[in-house]
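Only one structure is covered here, and it is reproduced in the block below.
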Amino acid sequence: MKKLISIISLIICAGQIQAEDGSRLWLRAPATAHAEVSCNKQSPTTDIALKEIRTQWRGGTPVLLKIQPAGKSGGGRLSPDSYSIRCRGVDDVVTIESATEQGLLYGAYHLLRLQEMGQADGQLQVVESPRYDIRILNHWDNPDRSVERGYAGISLWNWEELPATVSPRYEAYARANASVGINATVLNNVNASPQILSAAYLAKVKALADIFRPYGIRVYLSINFSSPTELGGLPTSDPSDKAVRRWWKDKAGEIYELIPDFGGFLVKANSEGLPGPQDFGRTHADGANMIADALKPHKGIVMWRAFVYNPGDEDRAKQAYREFMPFDGRFRDNVIVQVKNGPVDFQPREPFSPLFGAMKKTPVMAEFQITQEYLGFSNHLAYLAPMWKECLDSDTYQQGEGSTVARVTDGSIYPQKIKAIAGVANTGTDVNWCGHHLAQANWYAFGRLAWNHQLSSKEIADEWITLTFKDATDRTAADFSFFKGELSRMMLESREAVVEYMMPLGLHHLFAWGHHYGPEPWCDIPGARPDWMPGYYHKADAEGIGFDRSRTGSNATAQYHARLAERFDNPATCPEELILWFHHVPWDHRMKSGNTLWEELCHAYGRGVVRVNSFRTAWGRLEKYVDAERFVHIRNKLKIQIRDAVWWRDACLLYFQELSGRPIPYGVEPPIHDLKRLKQFRLNIDNHTNVSESELFMK
Ligand code: GCV
C-alpha cells in the first residue's frame, strides 16, 4: 500500500514539474489561483484578461475590469491602450479601467507583473499610456521557413500547415507580446517574396490574424514592389501606371475582406537589389504614396524603409539622409518612414541616424534589431536595452536642447499622426524561443521600451530577471536578490563588452565575408562591392585608422544639427567611443586617458575579453541559485562567447598591429592565436546555430 501511495505521489509530482526549457518565457506564474474577477463587458479580449487574473491573481482582493468610456479619463488625447489600476488597500477591490478591452488586457498583465515583483500589496495607483501607438515586431521570415538573420531555429509560422493546422505556439506568441505591450507584427521578411500576397498565403495570414486579434495584435505584411508584375502578371510595376495602381487597390480590398483590421505594409524598396519605384524613374515618395492610396480607404498604413545605399558611393553612412531628405513633407499622411537606429546597419555601436529629427514634416519611426545579427548571434550575451536607450536618449538638437530621438519620434515634438517603433524579431522554433535563454530579455526589453522609453535598462533587466527566474529555485529572498544583482550586472555590461571585443572606439563592419559573426578586418574579395568590405570602414594604414567623416573627409557630420556637427567634426570634442566612426586618427594620437590611440584600442579589446571572463566567473557562482537546465545552457553559451571574444581580439589586434607596427602594451593579455592561421580559418556557417562546432581552436 505504502509503495502504491509513493508511486501515485511520484506521478502527481512528475505531472507538476515543468521543464526549465525556457518555453514559458517571463510568464511563469502558476495558473492555480481562483481569484474573484469580473468585467462590465464580454469579448474575446476581456475573456483573456479575466482568465489571466482568475488563474494567477493571488492578492486576495477581488478584481474589477471596467470599460470606462473615453473622455471620462480626463487629460489630453489618451491612447486607446491606456489604463489605470487602483486599489485603496487590502479591503478594497482592485479596479482596472480603460476605454478599451485592449487597455484592460494590458492592465491585467501589469497587475500580474506587480504581483510577481512583490509590489501589488496594499494601495495601488497606476496610470499608464504608451509612448508609441504602434509597437511592432518585424519578422524576417521567409515562405520556406528560413529566417534571415535568425538564430533560434526556423520560422514560427508553419506556412505549409496553415491555415488548416494552427500550432499552439501562435497563441503563446501573441500572449507573450501582449504581456509586454507589443501590439503589431510584420509576419514576413522585408526581402519579400511576391507570393505572400497570393490568395493561398492570404488565407494563411488570416488564420494567424484571427489568433492574434483577441490579444490586440494586428498583422502587417512586407511586400515586394514588383508584385503587380511578378504575381499579377502586369507588364510593369511602375507606380504611375493606372493598371498598377488599380492592382494595389484591388489587392488591398482583397486583404481587408479577409482581415478587416489588417495594419498595412512594410516596404524595402531599391535597397540591396530589391525592386522599387526608382526602377521606373520614380521616387520613394511616388512609390510609397501609391501604396498608401490603396490602403487609405481601409485605414491601413505604409512603413517605408530608409535603409538604402548604392555600391560605389563615397560614404554609405550618408546615403539614406541624402535620398530621403528631399522628400520630407511629400509623403501621404498614412506613410511613416522607418529608419534604422544608426546610419549604416545595426552595428554594435553607431551614432544615431541623422534622419531623426531632421525630417520634420514626415513621421519617422526607429527600427531596432532584436535579433543579434552583428552581436554574436544567439551565442553571445548582449542585453540590448542599453544600446536602444543610447539611441533613444541621443539629443538631435533639431528643435532645441532635449530633442532626443525618442521625443522626435513619439509625437512630443512633431505632431506625428503615426507614432511607431519597430524591432526585428529574435524568435524561432527553438524551445526557448530565442536561441539563448538570456536573449529573451531583448524581446521583453523591446516591448517595455516601446511602451515607455523612459524606463531604465536596469529597471527592465530587474523586472525580466524576477519574472523569469524568481521561482526557479527554493532559495531564500536574500539568495534571489544576490542572484538578481549578479545577473543584472552581467546583462548591463554585456553590450559594452561586445563593443569592446568586436569594434571599440567607433570601428564598425569588420565582419568576415559571408557571415556577420566572426572578424576578418583584412577581408578583400576581388570584384566584390567595396562597401561590403571591412577595409571600406576601418581604412587602417601605417598612419592610423578610422573613417574620416568630418568636413575634411566625407562630411557626413554636416548631416547632423550644427551643434553636433561641430562636436563630431573635431577629434578633441568627438565622443571617444565614436572617434573612429568620424575620424581617421593617427596611431599616436593622445586620448583622454593619456594612452595613444593604439594603446587605447589594445586596452579596449583586452577589456572586452576580461569582461566576458568575469561573466563566466559570476555565472559559475550562481549555480546553486538556479535550475540546472538553464544554468548549464547559459554556462555553455558563455564558453562560446569567451572563445569568440578572444578570436575577435586576436584577429583585430594582430591585423592592425601589422599596420601600426607598435607593440601590444603592458597590461593587455597577448594574443594566443597566429594571424596566418586566423586568416586561413573559414567558419562553417551553414548552420548558424552550430557555430560552436567551429574548428577555430583545433590544431
Ligand atoms: C533583411 C542587412 C542584413 C540583411 C537585411 C538588411 C535589411 O543588410 O544583413 O540581411 O535584409 O540589412 O535590413 O534590409
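To be explicit about the labels: the chains of the C-alpha cells are called A, B, and onward in the order shown, and within each one the residues are counted from 1, while ligands get numbers from 1 in the order they are shown.
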
Counting only C-alpha atoms and all ligand atoms, which residues of chain A fall within 7 Å of ligand 1, and what is the closest atom pair for each with its distance in Å at one decimal, ordered by chain and rising number, as a Markdown table?
| residue | atom | partner | partner_atom_place_in_ligand_line | distance |
| --- | --- | --- | --- | --- |
| A:Trp140 | CA | ligand 1 | 1 (C) | 6.2 |
| A:Glu148 | CA | ligand 1 | 10 (O) | 5.8 |
| A:Arg149 | CA | ligand 1 | 10 (O) | 5.9 |
| A:Asn189 | CA | ligand 1 | 1 (C) | 6.3 |
| A:Val190 | CA | ligand 1 | 1 (C) | 5.5 |
| A:Asn191 | CA | ligand 1 | 1 (C) | 5.5 |
| A:Lys268 | CA | ligand 1 | 14 (O) | 6.6 |
| A:Phe307 | CA | ligand 1 | 13 (O) | 6.5 |
| A:Asp345 | CA | ligand 1 | 2 (C) | 6.3 |

Residues of the last selection are to be written out with N, CA, C and O atoms, as a JSON list (two decimals), in the first residue's frame.
[["chain", "number", "residue", "atom", "x", "y", "z"],
["A", 140, "TRP", "N", 11.76, 38.60, -40.11],
["A", 140, "TRP", "CA", 12.43, 38.43, -41.40],
["A", 140, "TRP", "C", 12.29, 36.95, -41.82],
["A", 140, "TRP", "O", 13.26, 36.28, -42.13],
["A", 148, "GLU", "N", 15.85, 35.07, -42.15],
["A", 148, "GLU", "CA", 17.05, 35.85, -42.43],
["A", 148, "GLU", "C", 17.56, 36.44, -41.12],
["A", 148, "GLU", "O", 16.80, 37.07, -40.38],
["A", 149, "ARG", "N", 18.82, 36.19, -40.85],
["A", 149, "ARG", "CA", 19.46, 36.65, -39.60],
["A", 149, "ARG", "C", 18.74, 36.10, -38.37],
["A", 149, "ARG", "O", 18.66, 36.78, -37.33],
["A", 189, "ASN", "N", 9.59, 38.54, -44.17],
["A", 189, "ASN", "CA", 10.85, 39.24, -44.44],
["A", 189, "ASN", "C", 10.66, 40.48, -45.30],
["A", 189, "ASN", "O", 9.89, 40.45, -46.27],
["A", 190, "VAL", "N", 11.42, 41.54, -44.98],
["A", 190, "VAL", "CA", 11.40, 42.73, -45.85],
["A", 190, "VAL", "C", 11.96, 42.40, -47.23],
["A", 190, "VAL", "O", 11.62, 43.09, -48.21],
["A", 191, "ASN", "N", 12.81, 41.41, -47.31],
["A", 191, "ASN", "CA", 13.21, 40.90, -48.62],
["A", 191, "ASN", "C", 12.06, 39.98, -49.05],
["A", 191, "ASN", "O", 12.13, 38.77, -48.95],
["A", 268, "LYS", "N", 10.60, 47.50, -48.30],
["A", 268, "LYS", "CA", 12.03, 47.71, -48.57],
["A", 268, "LYS", "C", 12.12, 47.85, -50.08],
["A", 268, "LYS", "O", 11.83, 46.90, -50.81],
["A", 307, "PHE", "N", 16.36, 52.30, -45.43],
["A", 307, "PHE", "CA", 17.63, 51.56, -45.46],
["A", 307, "PHE", "C", 18.06, 51.41, -46.92],
["A", 307, "PHE", "O", 17.70, 50.45, -47.59],
["A", 345, "ASP", "N", 24.22, 50.11, -40.32],
["A", 345, "ASP", "CA", 23.42, 48.89, -40.29],
["A", 345, "ASP", "C", 23.56, 48.12, -38.98],
["A", 345, "ASP", "O", 24.26, 47.11, -38.93]]

| field | All strand (DSSP E or B) residues (DSSP, backbone) inside region 400-431 of chain A, as JSON, numbers by chain | value | {"A": [400, 404, 420, 421, 422, 423, 424]}

| field | Option closest in space to Glu500 (chain A), from A:Ile211, A:Ala70, A:Leu678, A:Val610 [counting only C-alpha atoms] | value | A:Val610

| Could you pull out all residues of region 316-526 of chain A with a DSSP call of alpha helix (DSSP H) and give them as a PyMOL selection string? | chain A and resi 319-324+385-392+405-409+440-451+457-469+477-502

So that each row is one residue of region 75-182 of chain A with an atom at most 8 Å from region 217-233 of chain A, can you give its shortest atom pair and the distance in Å to one decimal, using only C-alpha atoms, rows by chain and rising number, as CSV?
residue,atom,partner,partner_atom,distance
A:Ala174,CA,A:Ile217,CA,7.0
A:Ala178,CA,A:Ile217,CA,7.4
A:Ile182,CA,A:Ile217,CA,7.3

Keeping only C-alpha atoms, take the residues you just selected and write them out as a short mmCIF file (atom, residue, chain, number, x, y, z; two decimals), in the first residue's frame.
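selection18.cif written:
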data_model
loop_
_atom_site.label_atom_id
_atom_site.label_comp_id
_atom_site.auth_asym_id
_atom_site.auth_seq_id
_atom_site.Cartn_x
_atom_site.Cartn_y
_atom_site.Cartn_z
CA ALA A 174 0.50 36.56 -29.06
CA ALA A 178 0.56 41.36 -25.32
CA ILE A 182 3.61 44.75 -28.33
#

Cut-off 12 Å: closest region 483-556 of chain A/region 438-462 of chain A atom pairs per residue, using only C-alpha atoms, as CSV:
residue,atom,partner,partner_atom,distance
A:Phe483,CA,A:Asp462,CA,10.6
A:Lys484,CA,A:Asp462,CA,6.8
A:Gly485,CA,A:Asp462,CA,8.2
A:Glu486,CA,A:Asp462,CA,10.6
A:Leu487,CA,A:Ala461,CA,8.8
A:Ser488,CA,A:Ala461,CA,6.1
A:Arg489,CA,A:Lys458,CA,8.7
A:Met490,CA,A:Ala461,CA,10.2
A:Met491,CA,A:Ala461,CA,7.4
A:Leu492,CA,A:Lys458,CA,7.0
A:Glu493,CA,A:Lys458,CA,10.6
A:Ser494,CA,A:Leu438,CA,11.0
A:Arg495,CA,A:Asn442,CA,11.4

Next, the residues of the selection above should be written as a short mmCIF file (atom, residue, chain, number, x, y, z; two decimals), in the first residue's frame with N, CA, C and O atoms.
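Saved as out_6.cif:
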data_model
loop_
_atom_site.label_atom_id
_atom_site.label_comp_id
_atom_site.auth_asym_id
_atom_site.auth_seq_id
_atom_site.Cartn_x
_atom_site.Cartn_y
_atom_site.Cartn_z
N PHE A 483 21.34 36.71 -6.62
CA PHE A 483 21.30 36.20 -8.00
C PHE A 483 20.93 37.34 -8.96
O PHE A 483 21.57 37.54 -9.99
N LYS A 484 19.89 38.08 -8.58
CA LYS A 484 19.42 39.15 -9.45
C LYS A 484 20.50 40.22 -9.65
O LYS A 484 20.73 40.69 -10.75
N GLY A 485 21.16 40.56 -8.55
CA GLY A 485 22.21 41.58 -8.63
C GLY A 485 23.32 41.17 -9.58
O GLY A 485 23.77 41.94 -10.43
N GLU A 486 23.74 39.91 -9.47
CA GLU A 486 24.86 39.44 -10.31
C GLU A 486 24.45 39.36 -11.78
O GLU A 486 25.18 39.81 -12.65
N LEU A 487 23.27 38.77 -12.02
CA LEU A 487 22.85 38.61 -13.41
C LEU A 487 22.57 39.98 -14.04
O LEU A 487 22.92 40.23 -15.20
N SER A 488 21.98 40.85 -13.27
CA SER A 488 21.69 42.19 -13.78
C SER A 488 23.00 42.90 -14.15
O SER A 488 23.10 43.53 -15.20
N ARG A 489 24.01 42.76 -13.33
CA ARG A 489 25.31 43.39 -13.66
C ARG A 489 25.87 42.82 -14.96
O ARG A 489 26.30 43.55 -15.84
N MET A 490 25.81 41.51 -15.09
CA MET A 490 26.31 40.89 -16.32
C MET A 490 25.56 41.43 -17.53
O MET A 490 26.15 41.80 -18.55
N MET A 491 24.25 41.46 -17.41
CA MET A 491 23.45 41.91 -18.55
C MET A 491 23.75 43.37 -18.89
O MET A 491 23.94 43.72 -20.06
N LEU A 492 23.82 44.20 -17.87
CA LEU A 492 24.01 45.63 -18.13
C LEU A 492 25.37 45.94 -18.75
O LEU A 492 25.54 46.89 -19.49
N GLU A 493 26.35 45.11 -18.45
CA GLU A 493 27.70 45.34 -19.02
C GLU A 493 27.88 44.67 -20.37
O GLU A 493 28.85 44.92 -21.07
N SER A 494 26.95 43.78 -20.70
CA SER A 494 27.24 42.87 -21.81
C SER A 494 27.35 43.55 -23.17
O SER A 494 28.21 43.21 -23.97
N ARG A 495 26.51 44.52 -23.43
CA ARG A 495 26.59 45.16 -24.76
C ARG A 495 27.93 45.89 -24.92
O ARG A 495 28.59 45.82 -25.96
#

Selection near region 168-173 of chain A, 8 Å with only C-alpha atoms, sequence-local residues under 5 positions removed, as a PDB file with all heavy atoms, in the first residue's frame:
ATOM      1  N   LEU A 156       8.515  30.579 -36.888  1.00  0.00           N
ATOM      2  CA  LEU A 156       7.373  30.125 -36.094  1.00  0.00           C
ATOM      3  C   LEU A 156       6.181  29.788 -36.979  1.00  0.00           C
ATOM      4  O   LEU A 156       5.338  28.975 -36.620  1.00  0.00           O
ATOM      5  CB  LEU A 156       6.947  31.235 -35.127  1.00  0.00           C
ATOM      6  CG  LEU A 156       7.877  31.555 -33.959  1.00  0.00           C
ATOM      7  CD1 LEU A 156       7.428  32.831 -33.263  1.00  0.00           C
ATOM      8  CD2 LEU A 156       7.914  30.400 -32.976  1.00  0.00           C
ATOM      9  N   TRP A 157       6.112  30.433 -38.137  1.00  0.00           N
ATOM     10  CA  TRP A 157       4.918  30.266 -38.993  1.00  0.00           C
ATOM     11  C   TRP A 157       5.091  29.031 -39.875  1.00  0.00           C
ATOM     12  O   TRP A 157       5.935  29.026 -40.766  1.00  0.00           O
ATOM     13  CB  TRP A 157       4.681  31.497 -39.881  1.00  0.00           C
ATOM     14  CG  TRP A 157       5.032  32.814 -39.255  1.00  0.00           C
ATOM     15  CD1 TRP A 157       5.751  33.816 -39.830  1.00  0.00           C
ATOM     16  CD2 TRP A 157       4.668  33.289 -37.941  1.00  0.00           C
ATOM     17  NE1 TRP A 157       5.873  34.865 -38.963  1.00  0.00           N
ATOM     18  CE2 TRP A 157       5.233  34.575 -37.800  1.00  0.00           C
ATOM     19  CE3 TRP A 157       3.959  32.760 -36.876  1.00  0.00           C
ATOM     20  CZ2 TRP A 157       5.091  35.325 -36.643  1.00  0.00           C
ATOM     21  CZ3 TRP A 157       3.821  33.512 -35.710  1.00  0.00           C
ATOM     22  CH2 TRP A 157       4.369  34.767 -35.609  1.00  0.00           C
ATOM     23  N   LEU A 208      -3.584  33.404 -38.911  1.00  0.00           N
ATOM     24  CA  LEU A 208      -2.744  33.953 -37.834  1.00  0.00           C
ATOM     25  C   LEU A 208      -3.393  35.207 -37.243  1.00  0.00           C
ATOM     26  O   LEU A 208      -3.451  35.378 -36.022  1.00  0.00           O
ATOM     27  CB  LEU A 208      -1.345  34.271 -38.370  1.00  0.00           C
ATOM     28  CG  LEU A 208      -0.484  33.048 -38.730  1.00  0.00           C
ATOM     29  CD1 LEU A 208       0.819  33.472 -39.391  1.00  0.00           C
ATOM     30  CD2 LEU A 208      -0.184  32.211 -37.491  1.00  0.00           C
ATOM     31  N   ILE A 211      -5.984  34.484 -34.727  1.00  0.00           N
ATOM     32  CA  ILE A 211      -5.473  34.051 -33.409  1.00  0.00           C
ATOM     33  C   ILE A 211      -4.918  35.243 -32.628  1.00  0.00           C
ATOM     34  O   ILE A 211      -5.081  35.345 -31.414  1.00  0.00           O
ATOM     35  CB  ILE A 211      -4.370  32.984 -33.592  1.00  0.00           C
ATOM     36  CG1 ILE A 211      -4.972  31.739 -34.244  1.00  0.00           C
ATOM     37  CG2 ILE A 211      -3.713  32.629 -32.262  1.00  0.00           C
ATOM     38  CD1 ILE A 211      -3.937  30.743 -34.719  1.00  0.00           C
ATOM     39  N   PHE A 212      -4.265  36.151 -33.341  1.00  0.00           N
ATOM     40  CA  PHE A 212      -3.606  37.269 -32.650  1.00  0.00           C
ATOM     41  C   PHE A 212      -4.596  38.347 -32.192  1.00  0.00           C
ATOM     42  O   PHE A 212      -4.343  39.075 -31.236  1.00  0.00           O
ATOM     43  CB  PHE A 212      -2.572  37.934 -33.564  1.00  0.00           C
ATOM     44  CG  PHE A 212      -1.456  37.011 -34.007  1.00  0.00           C
ATOM     45  CD1 PHE A 212      -0.635  37.363 -35.080  1.00  0.00           C
ATOM     46  CD2 PHE A 212      -1.207  35.813 -33.358  1.00  0.00           C
ATOM     47  CE1 PHE A 212       0.402  36.522 -35.494  1.00  0.00           C
ATOM     48  CE2 PHE A 212      -0.181  34.963 -33.765  1.00  0.00           C
ATOM     49  CZ  PHE A 212       0.618  35.319 -34.840  1.00  0.00           C
TER      50      PHE A 212
END

| query | Which polymer residues have any atom within 9 Å of an atom of region 33-38 of chain A, counting only C-alpha atoms, with same-chain residues fewer than 4 positions away left out, as JSON, numbers by chain? | reply | {"A": [50, 51, 53, 54, 55, 56, 57, 58, 59, 60, 61, 62, 63, 64, 65, 66]}

| said: At a cut-off of 6 Å, using only C-alpha atoms, what residues contact region 536-551 of chain A? Leave out same-chain residues fewer than 2 positions from it and give the result as a ChimeraX atom specification. | reply: /A:531,533-534,553-557,569,580-587,659-660

| said: When you look at region 511-522 of chain A with a cut-off of 8 Å (counting only C-alpha atoms), what residues show up, excluding the ones that are within fewer than 5 positions of it in the same chain? I need them as a list in words. | reply: Glu373, Tyr374, Leu375, Gly376, Phe377, Met502, Met533, Pro534, Gly535, His538, Asp644, Trp647, Trp648, Ala651, Cys652, Tyr655, Lys679 and Ile685 of chain A

Restricting the output to N, CA, C and O atoms, write the selected residues as a short mmCIF file (atom, residue, chain, number, x, y, z; two decimals), in the first residue's frame.
data_model
loop_
_atom_site.label_atom_id
_atom_site.label_comp_id
_atom_site.auth_asym_id
_atom_site.auth_seq_id
_atom_site.Cartn_x
_atom_site.Cartn_y
_atom_site.Cartn_z
N GLU A 373 22.22 39.96 -35.23
CA GLU A 373 22.98 39.74 -36.46
C GLU A 373 24.45 40.15 -36.31
O GLU A 373 25.33 39.47 -36.81
N TYR A 374 24.67 41.25 -35.64
CA TYR A 374 26.02 41.79 -35.53
C TYR A 374 26.57 41.73 -34.11
O TYR A 374 27.57 42.36 -33.82
N LEU A 375 25.89 41.04 -33.23
CA LEU A 375 26.36 40.98 -31.84
C LEU A 375 26.41 39.55 -31.34
O LEU A 375 25.98 39.22 -30.24
N GLY A 376 26.97 38.66 -32.21
CA GLY A 376 27.26 37.31 -31.75
C GLY A 376 26.12 36.32 -31.85
O GLY A 376 26.13 35.29 -31.17
N PHE A 377 25.14 36.64 -32.73
CA PHE A 377 24.00 35.74 -32.93
C PHE A 377 23.37 35.41 -31.57
O PHE A 377 23.43 36.19 -30.64
N MET A 502 34.64 43.42 -30.09
CA MET A 502 34.45 43.40 -31.55
C MET A 502 34.93 44.68 -32.23
O MET A 502 35.76 44.64 -33.12
N MET A 533 33.13 45.45 -47.76
CA MET A 533 34.47 45.04 -47.32
C MET A 533 34.86 45.82 -46.06
O MET A 533 34.70 47.05 -46.01
N PRO A 534 35.43 45.15 -45.07
CA PRO A 534 35.82 45.85 -43.85
C PRO A 534 36.75 47.04 -44.08
O PRO A 534 36.65 48.06 -43.40
N GLY A 535 37.66 46.90 -45.07
CA GLY A 535 38.61 47.99 -45.31
C GLY A 535 37.93 49.30 -45.65
O GLY A 535 38.44 50.39 -45.33
N HIS A 538 37.23 50.60 -41.97
CA HIS A 538 38.25 50.93 -40.96
C HIS A 538 39.39 51.76 -41.55
O HIS A 538 40.06 52.49 -40.83
N ASP A 644 34.96 33.28 -28.67
CA ASP A 644 34.80 34.23 -29.77
C ASP A 644 35.42 35.59 -29.45
O ASP A 644 35.95 36.27 -30.33
N TRP A 647 38.96 35.32 -30.11
CA TRP A 647 39.14 35.29 -31.57
C TRP A 647 39.08 36.71 -32.14
O TRP A 647 39.93 37.13 -32.93
N TRP A 648 38.06 37.47 -31.70
CA TRP A 648 37.92 38.86 -32.18
C TRP A 648 39.13 39.70 -31.78
O TRP A 648 39.71 40.42 -32.59
N ALA A 651 42.31 38.56 -33.76
CA ALA A 651 42.26 38.86 -35.20
C ALA A 651 42.45 40.36 -35.42
O ALA A 651 43.23 40.78 -36.29
N CYS A 652 41.77 41.17 -34.65
CA CYS A 652 41.83 42.61 -34.88
C CYS A 652 43.17 43.18 -34.44
O CYS A 652 43.81 43.93 -35.18
N TYR A 655 46.03 41.93 -36.77
CA TYR A 655 45.96 42.53 -38.09
C TYR A 655 46.33 44.02 -38.03
O TYR A 655 47.16 44.50 -38.80
N LYS A 679 43.76 33.88 -40.64
CA LYS A 679 43.38 34.31 -42.00
C LYS A 679 42.92 33.13 -42.84
O LYS A 679 42.12 33.28 -43.75
N ILE A 685 29.46 28.01 -41.68
CA ILE A 685 28.33 28.81 -41.22
C ILE A 685 27.00 28.29 -41.78
O ILE A 685 25.97 28.90 -41.61
#

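The protein and nucleic acid residues lying at most 12 Å from Ala164 (chain A) are A:Asn158, A:Trp159, A:Ala200, A:Ala203, A:Lys204, A:Val205, A:Lys206, A:Ala207, A:Leu208, with only C-alpha atoms considered and sequence neighbours fewer than 5 positions away removed.
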
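Computed from the coordinates, the CA of Leu510 (chain A) to CA of Gly276 (chain A) distance equals 29.3 Å.
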
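Atom to atom, CA of Val424 (chain A) and CA of Phe615 (chain A) stand 26.4 Å apart.
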